[in-house]
$ cat run-v3.cif   # mmCIF, C-alpha atoms and all ligand atoms; chains and numbers go by the auth columns
data_final
#
loop_
_atom_site.group_PDB
_atom_site.id
_atom_site.type_symbol
_atom_site.label_atom_id
_atom_site.label_comp_id
_atom_site.label_asym_id
_atom_site.label_seq_id
_atom_site.Cartn_x
_atom_site.Cartn_y
_atom_site.Cartn_z
_atom_site.B_iso_or_equiv
_atom_site.auth_seq_id
_atom_site.auth_asym_id
ATOM 1 C CA MET A 1 7.402 -6.049 -9.891 0.00 1 A
ATOM 2 C CA GLU A 2 4.132 -4.453 -8.820 0.00 2 A
ATOM 3 C CA LEU A 3 4.201 -0.791 -7.844 0.00 3 A
ATOM 4 C CA TYR A 4 2.151 0.726 -5.024 0.00 4 A
ATOM 5 C CA ILE A 5 2.098 4.334 -3.900 0.00 5 A
ATOM 6 C CA ASP A 6 2.805 5.000 -0.216 0.00 6 A
ATOM 7 C CA THR A 7 0.558 7.946 0.596 0.00 7 A
ATOM 8 C CA ALA A 8 -2.929 8.967 1.695 0.00 8 A
ATOM 9 C CA ASN A 9 -2.914 12.071 -0.510 0.00 9 A
ATOM 10 C CA LEU A 10 -5.713 11.816 -3.081 0.00 10 A
ATOM 11 C CA ASP A 11 -4.098 14.154 -5.573 0.00 11 A
ATOM 12 C CA GLU A 12 -0.871 12.107 -5.634 0.00 12 A
ATOM 13 C CA ILE A 13 -2.854 8.867 -5.900 0.00 13 A
ATOM 14 C CA LYS A 14 -4.858 10.247 -8.861 0.00 14 A
ATOM 15 C CA GLN A 15 -1.704 11.457 -10.602 0.00 15 A
ATOM 16 C CA ALA A 16 0.080 8.108 -10.112 0.00 16 A
ATOM 17 C CA HIS A 17 -3.051 6.235 -11.234 0.00 17 A
ATOM 18 C CA ASP A 18 -3.184 8.307 -14.432 0.00 18 A
ATOM 19 C CA LEU A 19 0.372 7.191 -15.298 0.00 19 A
ATOM 20 C CA GLY A 20 -1.046 3.695 -15.820 0.00 20 A
ATOM 21 C CA VAL A 21 1.528 1.866 -13.701 0.00 21 A
ATOM 22 C CA LEU A 22 -0.122 1.848 -10.283 0.00 22 A
ATOM 23 C CA ASP A 23 -1.057 -1.543 -8.809 0.00 23 A
ATOM 24 C CA GLY A 24 -2.133 -0.515 -5.294 0.00 24 A
ATOM 25 C CA VAL A 25 -1.810 1.860 -2.332 0.00 25 A
ATOM 26 C CA THR A 26 -0.322 1.594 1.142 0.00 26 A
ATOM 27 C CA THR A 27 -1.399 3.908 3.938 0.00 27 A
ATOM 28 C CA ASN A 28 -0.549 4.041 7.627 0.00 28 A
ATOM 29 C CA PRO A 29 -1.883 6.101 10.556 0.00 29 A
ATOM 30 C CA THR A 30 0.901 8.681 10.144 0.00 30 A
ATOM 31 C CA LEU A 31 0.144 9.221 6.446 0.00 31 A
ATOM 32 C CA ILE A 32 -3.626 9.592 6.988 0.00 32 A
ATOM 33 C CA ALA A 33 -3.119 11.865 10.038 0.00 33 A
ATOM 34 C CA LYS A 34 -0.932 14.124 7.872 0.00 34 A
ATOM 35 C CA GLU A 35 -3.915 14.709 5.562 0.00 35 A
ATOM 36 C CA GLY A 36 -6.120 15.912 8.455 0.00 36 A
ATOM 37 C CA VAL A 37 -9.154 13.906 7.274 0.00 37 A
ATOM 38 C CA ASP A 38 -11.491 11.215 8.620 0.00 38 A
ATOM 39 C CA TYR A 39 -9.630 7.865 8.703 0.00 39 A
ATOM 40 C CA GLY A 40 -12.363 5.617 7.258 0.00 40 A
ATOM 41 C CA LYS A 41 -13.616 8.154 4.722 0.00 41 A
ATOM 42 C CA ARG A 42 -10.129 8.659 3.313 0.00 42 A
ATOM 43 C CA LEU A 43 -9.714 4.896 2.882 0.00 43 A
ATOM 44 C CA ALA A 44 -13.068 4.747 1.077 0.00 44 A
ATOM 45 C CA ASP A 45 -12.080 7.653 -1.192 0.00 45 A
ATOM 46 C CA ILE A 46 -8.789 5.938 -2.092 0.00 46 A
ATOM 47 C CA CYS A 47 -10.672 2.739 -2.971 0.00 47 A
ATOM 48 C CA LYS A 48 -12.823 4.733 -5.405 0.00 48 A
ATOM 49 C CA ILE A 49 -9.693 5.709 -7.372 0.00 49 A
ATOM 50 C CA VAL A 50 -7.667 2.481 -7.250 0.00 50 A
ATOM 51 C CA SER A 51 -9.083 -1.002 -7.806 0.00 51 A
ATOM 52 C CA GLY A 52 -5.907 -2.811 -6.672 0.00 52 A
ATOM 53 C CA PRO A 53 -5.097 -3.612 -3.016 0.00 53 A
ATOM 54 C CA VAL A 54 -5.373 -0.680 -0.575 0.00 54 A
ATOM 55 C CA SER A 55 -3.756 -1.299 2.821 0.00 55 A
ATOM 56 C CA ALA A 56 -5.762 -0.075 5.834 0.00 56 A
ATOM 57 C CA GLU A 57 -3.856 -0.265 9.112 0.00 57 A
ATOM 58 C CA VAL A 58 -5.372 -1.137 12.494 0.00 58 A
ATOM 59 C CA ILE A 59 -4.332 0.818 15.563 0.00 59 A
ATOM 60 C CA SER A 60 -5.257 -1.857 18.122 0.00 60 A
ATOM 61 C CA THR A 61 -2.372 -3.771 19.618 0.00 61 A
ATOM 62 C CA LYS A 62 -4.429 -6.673 21.016 0.00 62 A
ATOM 63 C CA PHE A 63 -5.983 -9.536 19.047 0.00 63 A
ATOM 64 C CA ASP A 64 -9.659 -8.739 19.791 0.00 64 A
ATOM 65 C CA GLY A 65 -9.298 -5.090 18.839 0.00 65 A
ATOM 66 C CA MET A 66 -7.403 -5.993 15.670 0.00 66 A
ATOM 67 C CA MET A 67 -10.170 -8.387 14.636 0.00 67 A
ATOM 68 C CA ALA A 68 -12.910 -5.807 15.249 0.00 68 A
ATOM 69 C CA GLU A 69 -11.048 -3.051 13.396 0.00 69 A
ATOM 70 C CA GLY A 70 -10.051 -5.387 10.585 0.00 70 A
ATOM 71 C CA GLU A 71 -13.644 -6.459 10.092 0.00 71 A
ATOM 72 C CA SER A 72 -14.745 -2.834 9.925 0.00 72 A
ATOM 73 C CA HIS A 73 -11.939 -1.861 7.460 0.00 73 A
ATOM 74 C CA ALA A 74 -12.728 -4.872 5.256 0.00 74 A
ATOM 75 C CA LYS A 75 -16.321 -3.622 4.866 0.00 75 A
ATOM 76 C CA ILE A 76 -15.118 -0.333 3.306 0.00 76 A
ATOM 77 C CA ALA A 77 -14.445 -1.918 -0.113 0.00 77 A
ATOM 78 C CA PRO A 78 -13.552 -5.332 -1.565 0.00 78 A
ATOM 79 C CA ASN A 79 -9.972 -4.209 -2.359 0.00 79 A
ATOM 80 C CA ILE A 80 -9.118 -3.320 1.258 0.00 80 A
ATOM 81 C CA VAL A 81 -6.192 -5.287 2.698 0.00 81 A
ATOM 82 C CA VAL A 82 -6.029 -5.171 6.501 0.00 82 A
ATOM 83 C CA LYS A 83 -2.637 -4.006 7.722 0.00 83 A
ATOM 84 C CA LEU A 84 -1.470 -5.616 10.962 0.00 84 A
ATOM 85 C CA PRO A 85 1.786 -5.208 12.883 0.00 85 A
ATOM 86 C CA CYS A 86 4.394 -7.993 12.978 0.00 86 A
ATOM 87 C CA THR A 87 3.726 -8.816 16.639 0.00 87 A
ATOM 88 C CA VAL A 88 2.470 -11.963 18.383 0.00 88 A
ATOM 89 C CA ASP A 89 -1.105 -10.609 18.420 0.00 89 A
ATOM 90 C CA GLY A 90 -0.722 -9.502 14.799 0.00 90 A
ATOM 91 C CA LEU A 91 0.349 -13.036 13.865 0.00 91 A
ATOM 92 C CA LYS A 92 -2.694 -14.544 15.540 0.00 92 A
ATOM 93 C CA ALA A 93 -5.010 -12.008 13.856 0.00 93 A
ATOM 94 C CA CYS A 94 -3.310 -12.734 10.521 0.00 94 A
ATOM 95 C CA ARG A 95 -4.209 -16.424 10.763 0.00 95 A
ATOM 96 C CA ALA A 96 -7.765 -15.682 11.919 0.00 96 A
ATOM 97 C CA MET A 97 -8.334 -13.228 9.075 0.00 97 A
ATOM 98 C CA ALA A 98 -6.824 -15.589 6.501 0.00 98 A
ATOM 99 C CA ASP A 99 -9.242 -18.286 7.710 0.00 99 A
ATOM 100 C CA ARG A 100 -12.127 -15.831 7.136 0.00 100 A
ATOM 101 C CA GLY A 101 -10.862 -14.944 3.637 0.00 101 A
ATOM 102 C CA VAL A 102 -9.645 -11.442 4.601 0.00 102 A
ATOM 103 C CA ARG A 103 -6.349 -10.401 2.962 0.00 103 A
ATOM 104 C CA THR A 104 -3.669 -8.955 5.253 0.00 104 A
ATOM 105 C CA ASN A 105 -0.468 -6.920 4.997 0.00 105 A
ATOM 106 C CA LEU A 106 1.891 -7.595 7.920 0.00 106 A
ATOM 107 C CA THR A 107 3.758 -4.361 8.482 0.00 107 A
ATOM 108 C CA LEU A 108 6.797 -3.183 10.458 0.00 108 A
ATOM 109 C CA CYS A 109 8.823 -6.253 9.465 0.00 109 A
ATOM 110 C CA PHE A 110 12.465 -5.795 10.424 0.00 110 A
ATOM 111 C CA GLN A 111 13.843 -9.331 10.520 0.00 111 A
ATOM 112 C CA PRO A 112 13.410 -12.406 8.269 0.00 112 A
ATOM 113 C CA LEU A 113 11.805 -14.662 10.876 0.00 113 A
ATOM 114 C CA GLN A 114 8.883 -12.249 11.236 0.00 114 A
ATOM 115 C CA ALA A 115 8.309 -12.728 7.502 0.00 115 A
ATOM 116 C CA LEU A 116 8.546 -16.530 7.759 0.00 116 A
ATOM 117 C CA MET A 117 6.039 -16.616 10.609 0.00 117 A
ATOM 118 C CA VAL A 118 3.445 -14.375 8.967 0.00 118 A
ATOM 119 C CA ALA A 119 3.773 -16.265 5.675 0.00 119 A
ATOM 120 C CA LYS A 120 2.998 -19.485 7.579 0.00 120 A
ATOM 121 C CA ALA A 121 -0.026 -17.682 9.078 0.00 121 A
ATOM 122 C CA GLY A 122 -1.421 -16.904 5.617 0.00 122 A
ATOM 123 C CA ALA A 123 -0.431 -13.243 5.135 0.00 123 A
ATOM 124 C CA PHE A 124 -1.198 -11.890 1.669 0.00 124 A
ATOM 125 C CA LEU A 125 1.633 -9.320 1.924 0.00 125 A
ATOM 126 C CA VAL A 126 4.580 -8.763 4.260 0.00 126 A
ATOM 127 C CA SER A 127 6.193 -5.325 4.464 0.00 127 A
ATOM 128 C CA PRO A 128 9.928 -5.230 5.251 0.00 128 A
ATOM 129 C CA PHE A 129 10.961 -1.606 5.949 0.00 129 A
ATOM 130 C CA ILE A 130 14.221 -0.883 4.110 0.00 130 A
ATOM 131 C CA GLY A 131 14.788 2.810 4.848 0.00 131 A
ATOM 132 C CA ARG A 132 14.213 2.563 8.581 0.00 132 A
ATOM 133 C CA LEU A 133 16.840 -0.209 8.822 0.00 133 A
ATOM 134 C CA ASP A 134 19.302 1.889 6.803 0.00 134 A
ATOM 135 C CA ASP A 135 18.563 4.743 9.239 0.00 135 A
ATOM 136 C CA ILE A 136 20.008 2.675 12.103 0.00 136 A
ATOM 137 C CA SER A 137 23.028 1.590 10.021 0.00 137 A
ATOM 138 C CA GLN A 138 21.673 -1.856 9.147 0.00 138 A
ATOM 139 C CA ASP A 139 21.387 -3.177 5.585 0.00 139 A
ATOM 140 C CA GLY A 140 17.712 -2.855 4.634 0.00 140 A
ATOM 141 C CA MET A 141 18.195 -4.488 1.237 0.00 141 A
ATOM 142 C CA GLN A 142 19.709 -7.604 2.828 0.00 142 A
ATOM 143 C CA LEU A 143 16.381 -8.132 4.588 0.00 143 A
ATOM 144 C CA ILE A 144 14.609 -8.258 1.201 0.00 144 A
ATOM 145 C CA ARG A 145 17.189 -10.752 -0.139 0.00 145 A
ATOM 146 C CA ASP A 146 16.940 -12.973 2.954 0.00 146 A
ATOM 147 C CA ILE A 147 13.133 -13.086 2.844 0.00 147 A
ATOM 148 C CA ARG A 148 13.232 -13.849 -0.907 0.00 148 A
ATOM 149 C CA THR A 149 15.561 -16.806 -0.232 0.00 149 A
ATOM 150 C CA ILE A 150 13.400 -18.161 2.592 0.00 150 A
ATOM 151 C CA PHE A 151 10.139 -17.827 0.634 0.00 151 A
ATOM 152 C CA ASP A 152 11.718 -19.493 -2.428 0.00 152 A
ATOM 153 C CA ASN A 153 13.209 -22.305 -0.297 0.00 153 A
ATOM 154 C CA TYR A 154 9.755 -23.299 0.909 0.00 154 A
ATOM 155 C CA GLY A 155 7.469 -22.097 -1.900 0.00 155 A
ATOM 156 C CA LEU A 156 5.745 -19.583 0.398 0.00 156 A
ATOM 157 C CA LYS A 157 3.201 -17.529 -1.541 0.00 157 A
ATOM 158 C CA THR A 158 3.076 -14.368 0.630 0.00 158 A
ATOM 159 C CA LYS A 159 4.134 -11.389 -1.480 0.00 159 A
ATOM 160 C CA ILE A 160 7.197 -9.412 -0.382 0.00 160 A
ATOM 161 C CA LEU A 161 6.171 -5.742 -0.351 0.00 161 A
ATOM 162 C CA ALA A 162 9.322 -3.634 -0.016 0.00 162 A
ATOM 163 C CA ALA A 163 8.408 -0.585 2.092 0.00 163 A
ATOM 164 C CA SER A 164 10.086 2.493 3.549 0.00 164 A
ATOM 165 C CA ILE A 165 11.681 3.185 0.179 0.00 165 A
ATOM 166 C CA ARG A 166 13.511 6.511 0.112 0.00 166 A
ATOM 167 C CA HIS A 167 15.044 6.745 -3.383 0.00 167 A
ATOM 168 C CA THR A 168 15.286 5.121 -6.806 0.00 168 A
ATOM 169 C CA THR A 169 18.389 3.109 -5.875 0.00 169 A
ATOM 170 C CA HIS A 170 16.264 1.308 -3.272 0.00 170 A
ATOM 171 C CA LEU A 171 13.629 0.655 -5.934 0.00 171 A
ATOM 172 C CA LEU A 172 16.144 -0.673 -8.457 0.00 172 A
ATOM 173 C CA GLN A 173 17.728 -2.948 -5.849 0.00 173 A
ATOM 174 C CA CYS A 174 14.274 -4.270 -4.904 0.00 174 A
ATOM 175 C CA ALA A 175 13.590 -5.190 -8.517 0.00 175 A
ATOM 176 C CA LEU A 176 16.974 -6.940 -8.772 0.00 176 A
ATOM 177 C CA ALA A 177 16.405 -8.796 -5.480 0.00 177 A
ATOM 178 C CA GLY A 178 13.003 -10.104 -6.623 0.00 178 A
ATOM 179 C CA ALA A 179 10.637 -8.179 -4.340 0.00 179 A
ATOM 180 C CA ASP A 180 7.087 -8.877 -5.552 0.00 180 A
ATOM 181 C CA VAL A 181 5.875 -5.345 -4.833 0.00 181 A
ATOM 182 C CA ALA A 182 7.481 -2.033 -3.916 0.00 182 A
ATOM 183 C CA THR A 183 5.612 0.848 -2.322 0.00 183 A
ATOM 184 C CA CYS A 184 7.086 4.323 -2.788 0.00 184 A
ATOM 185 C CA PRO A 185 6.356 7.986 -2.316 0.00 185 A
ATOM 186 C CA PHE A 186 5.106 9.728 -5.484 0.00 186 A
ATOM 187 C CA SER A 187 8.433 11.597 -5.797 0.00 187 A
ATOM 188 C CA VAL A 188 10.290 8.280 -6.249 0.00 188 A
ATOM 189 C CA ILE A 189 7.766 7.048 -8.839 0.00 189 A
ATOM 190 C CA LYS A 190 8.326 10.207 -10.905 0.00 190 A
ATOM 191 C CA GLN A 191 12.119 9.969 -10.540 0.00 191 A
ATOM 192 C CA CYS A 192 12.012 6.583 -12.309 0.00 192 A
ATOM 193 C CA MET A 193 11.548 8.462 -15.592 0.00 193 A
ATOM 194 C CA SER A 194 14.285 10.986 -14.975 0.00 194 A
ATOM 195 C CA HIS A 195 17.798 11.196 -16.468 0.00 195 A
ATOM 196 C CA PRO A 196 19.829 14.330 -17.339 0.00 196 A
ATOM 197 C CA LEU A 197 20.729 12.878 -20.755 0.00 197 A
ATOM 198 C CA THR A 198 17.011 12.444 -21.543 0.00 198 A
ATOM 199 C CA ASP A 199 16.472 16.154 -20.770 0.00 199 A
ATOM 200 C CA ALA A 200 19.565 17.273 -22.716 0.00 200 A
ATOM 201 C CA GLY A 201 18.723 15.031 -25.696 0.00 201 A
ATOM 202 C CA LEU A 202 15.153 16.280 -25.834 0.00 202 A
ATOM 203 C CA GLU A 203 16.291 19.890 -25.640 0.00 203 A
ATOM 204 C CA LYS A 204 18.666 19.360 -28.600 0.00 204 A
ATOM 205 C CA PHE A 205 16.049 17.556 -30.713 0.00 205 A
ATOM 206 C CA LEU A 206 13.604 20.418 -30.183 0.00 206 A
ATOM 207 C CA ALA A 207 16.242 23.087 -30.910 0.00 207 A
ATOM 208 C CA ASP A 208 17.326 21.310 -34.135 0.00 208 A
ATOM 209 C CA TYR A 209 13.711 20.965 -35.235 0.00 209 A
ATOM 210 C CA LYS A 210 13.069 24.655 -34.611 0.00 210 A
ATOM 211 C CA LYS A 211 16.243 25.659 -36.559 0.00 211 A
ATOM 212 C CA ALA A 212 15.324 23.526 -39.580 0.00 212 A
ATOM 213 C CA PHE A 213 11.530 23.802 -39.673 0.00 213 A
ATOM 214 C CA GLY A 214 10.748 26.969 -37.775 0.00 214 A
HETATM 215 C C1 LIG B . 4.556 1.066 4.284 0.00 301 A
HETATM 216 O O1 LIG B . 3.486 0.513 4.192 0.00 301 A
HETATM 217 C C2 LIG B . 4.811 2.219 5.171 0.00 301 A
HETATM 218 O O2 LIG B . 3.691 3.053 5.137 0.00 301 A
HETATM 219 C C3 LIG B . 5.965 3.066 4.720 0.00 301 A
HETATM 220 O O3 LIG B . 6.668 2.534 3.632 0.00 301 A
HETATM 221 C C4 LIG B . 6.818 3.580 5.828 0.00 301 A
HETATM 222 O O4 LIG B . 7.850 4.370 5.282 0.00 301 A
HETATM 223 P P1 LIG B . 8.703 5.425 6.140 0.00 301 A
HETATM 224 O O5 LIG B . 9.791 4.692 6.842 0.00 301 A
HETATM 225 O O6 LIG B . 9.259 6.355 5.074 0.00 301 A
HETATM 226 O O7 LIG B . 7.736 6.090 7.083 0.00 301 A
#
$ encode --input "run-v3.cif" --output "structure tokens" --more "lines below"
Ligand code: E4P
Amino acid sequence: MELYIDTANLDEIKQAHDLGVLDGVTTNPTLIAKEGVDYGKRLADICKIVSGPVSAEVISTKFDGMMAEGESHAKIAPNIVVKLPCTVDGLKACRAMADRGVRTNLTLCFQPLQALMVAKAGAFLVSPFIGRLDDISQDGMQLIRDIRTIFDNYGLKTKILAASIRHTTHLLQCALAGADVATCPFSVIKQCMSHPLTDAGLEKFLADYKKAFG
């Protein structure tokens, strides 16, 4: 499973990149706004750190605006992936961009048929949001499993990018369900290497070493 970081914070991106396990970055307007920086410049700065796919979201809701914004985002760097919403206009823009060789990430996917449609329209990635479905008492993980089944049934090549991941249990379940990619906050990436028995074992090894060898 590929691992992306879900942030627009350069320090977190650098730290995750230095771990050697980072395959890409997802951003959204909320994440970039939180940083209080210029939208396009921040995307360009992220692309200087990470060579894998970097998702750059459009804010237009109509086809023409999406195409214009997508074209401008795609010029930032070759690894930019244009992020479009799972709407009717987003679907149309997805097909048009695929025909022009521009990679897309279809975001805000909350039901399996949205994923089927955007895969048919040539999306490079589709982003089902697990945490936000859990928030309204639906089963976010079931969405990942359903999309996996549909894509496997028909040999659809669009990658399933599990998004809105809140904790390591989500991440583990994504790996078991066969998500192609998972995007997580930096805190979740770090938690993957955490276990109390690792800490306790390390503490004892160091104490025993000190006792015997000073
Ligand atoms: C993915 O691309 C989105 O930016 C993200 O995962 C949304 O997560 P949230 O529900 O925690 O805002």
$ closest_residue --input "run-v3.cif" --among "A:Asp199, A:Glu2, A:Asp146, A:Asp38" --to "A:Gly52" --atoms "only C-alpha atoms"
A:Glu2
$ resolve_selection --input "run-v3.cif" --expression "the PyMOL selection byres (((not hetatm)) within 6 of (chain A and resi 301))" --output "ChimeraX atom specification"
/A:6,26-28,131-132,163-164
$ resolve_selection --input "run-v3.cif" --expression "the PyMOL selection byres (((chain A and resi 19) around 12) and not hetatm)" --output "ChimeraX atom specification"
/A:3,5,12-18,20-23,186,189-190,193
$ write_last_selection --input "run-v3.cif" --atoms "C-alpha atoms" --output "CSV table (one decimal), in the coordinates of the input"
chain,number,residue,atom,x,y,z
A,3,LEU,CA,4.2,-0.8,-7.8
A,5,ILE,CA,2.1,4.3,-3.9
A,12,GLU,CA,-0.9,12.1,-5.6
A,13,ILE,CA,-2.9,8.9,-5.9
A,14,LYS,CA,-4.9,10.2,-8.9
A,15,GLN,CA,-1.7,11.5,-10.6
A,16,ALA,CA,0.1,8.1,-10.1
A,17,HIS,CA,-3.1,6.2,-11.2
A,18,ASP,CA,-3.2,8.3,-14.4
A,20,GLY,CA,-1.0,3.7,-15.8
A,21,VAL,CA,1.5,1.9,-13.7
A,22,LEU,CA,-0.1,1.8,-10.3
A,23,ASP,CA,-1.1,-1.5,-8.8
A,186,PHE,CA,5.1,9.7,-5.5
A,189,ILE,CA,7.8,7.0,-8.8
A,190,LYS,CA,8.3,10.2,-10.9
A,193,MET,CA,11.5,8.5,-15.6
$ resolve_selection --input "run-v3.cif" --expression "the PyMOL selection byres (((chain A and resi 65-77) around 10) and not hetatm)" --output "ChimeraX atom specification"
/A:40-41,43-48,51,53-64,78-85,89-90,92-94,96-97,100,102-104
$ residues_around --input "run-v3.cif" --residues "A:Glu35" --least-positions-apart "2" --cutoff "8 Å" --atoms "all atoms listed in the file" --output "VMD selection string"
chain A and resid 8 to 9 31 to 33 37
$ atom_distance --input "run-v3.cif" --atom1 "atom CA of A:Phe110" --atom2 "atom CA of A:Pro128"
5.8 Å
$ closest_residue --input "run-v3.cif" --among "A:Leu171, A:Leu197, A:Leu125, A:Ala179" --to "A:Asp152" --atoms "all atoms listed in the file"
A:Ala179
$ atom_distance --input "run-v3.cif" --atom1 "atom CA of A:His167" --atom2 "atom CA of A:Leu113"
25.9 Å
$ axis_aligned_box --input "run-v3.cif" --around "stretch 88-105 of chain A" --padding-each-side "5 Å" --output "AutoDock Vina command-line options"
--center_x -4.8 --center_y -12.6 --center_z 10.7 --size_x 24.6 --size_y 21.4 --size_z 25.5
$ atom_distance --input "run-v3.cif" --atom1 "atom CA of A:Asp180" --atom2 "atom CA of A:Lys120"
17.4 Å
$ closest_residue --input "run-v3.cif" --among "A:His170, A:Ile147, A:Asp99, A:Ile49" --to "A:Cys184" --atoms "all atoms listed in the file"
A:His170
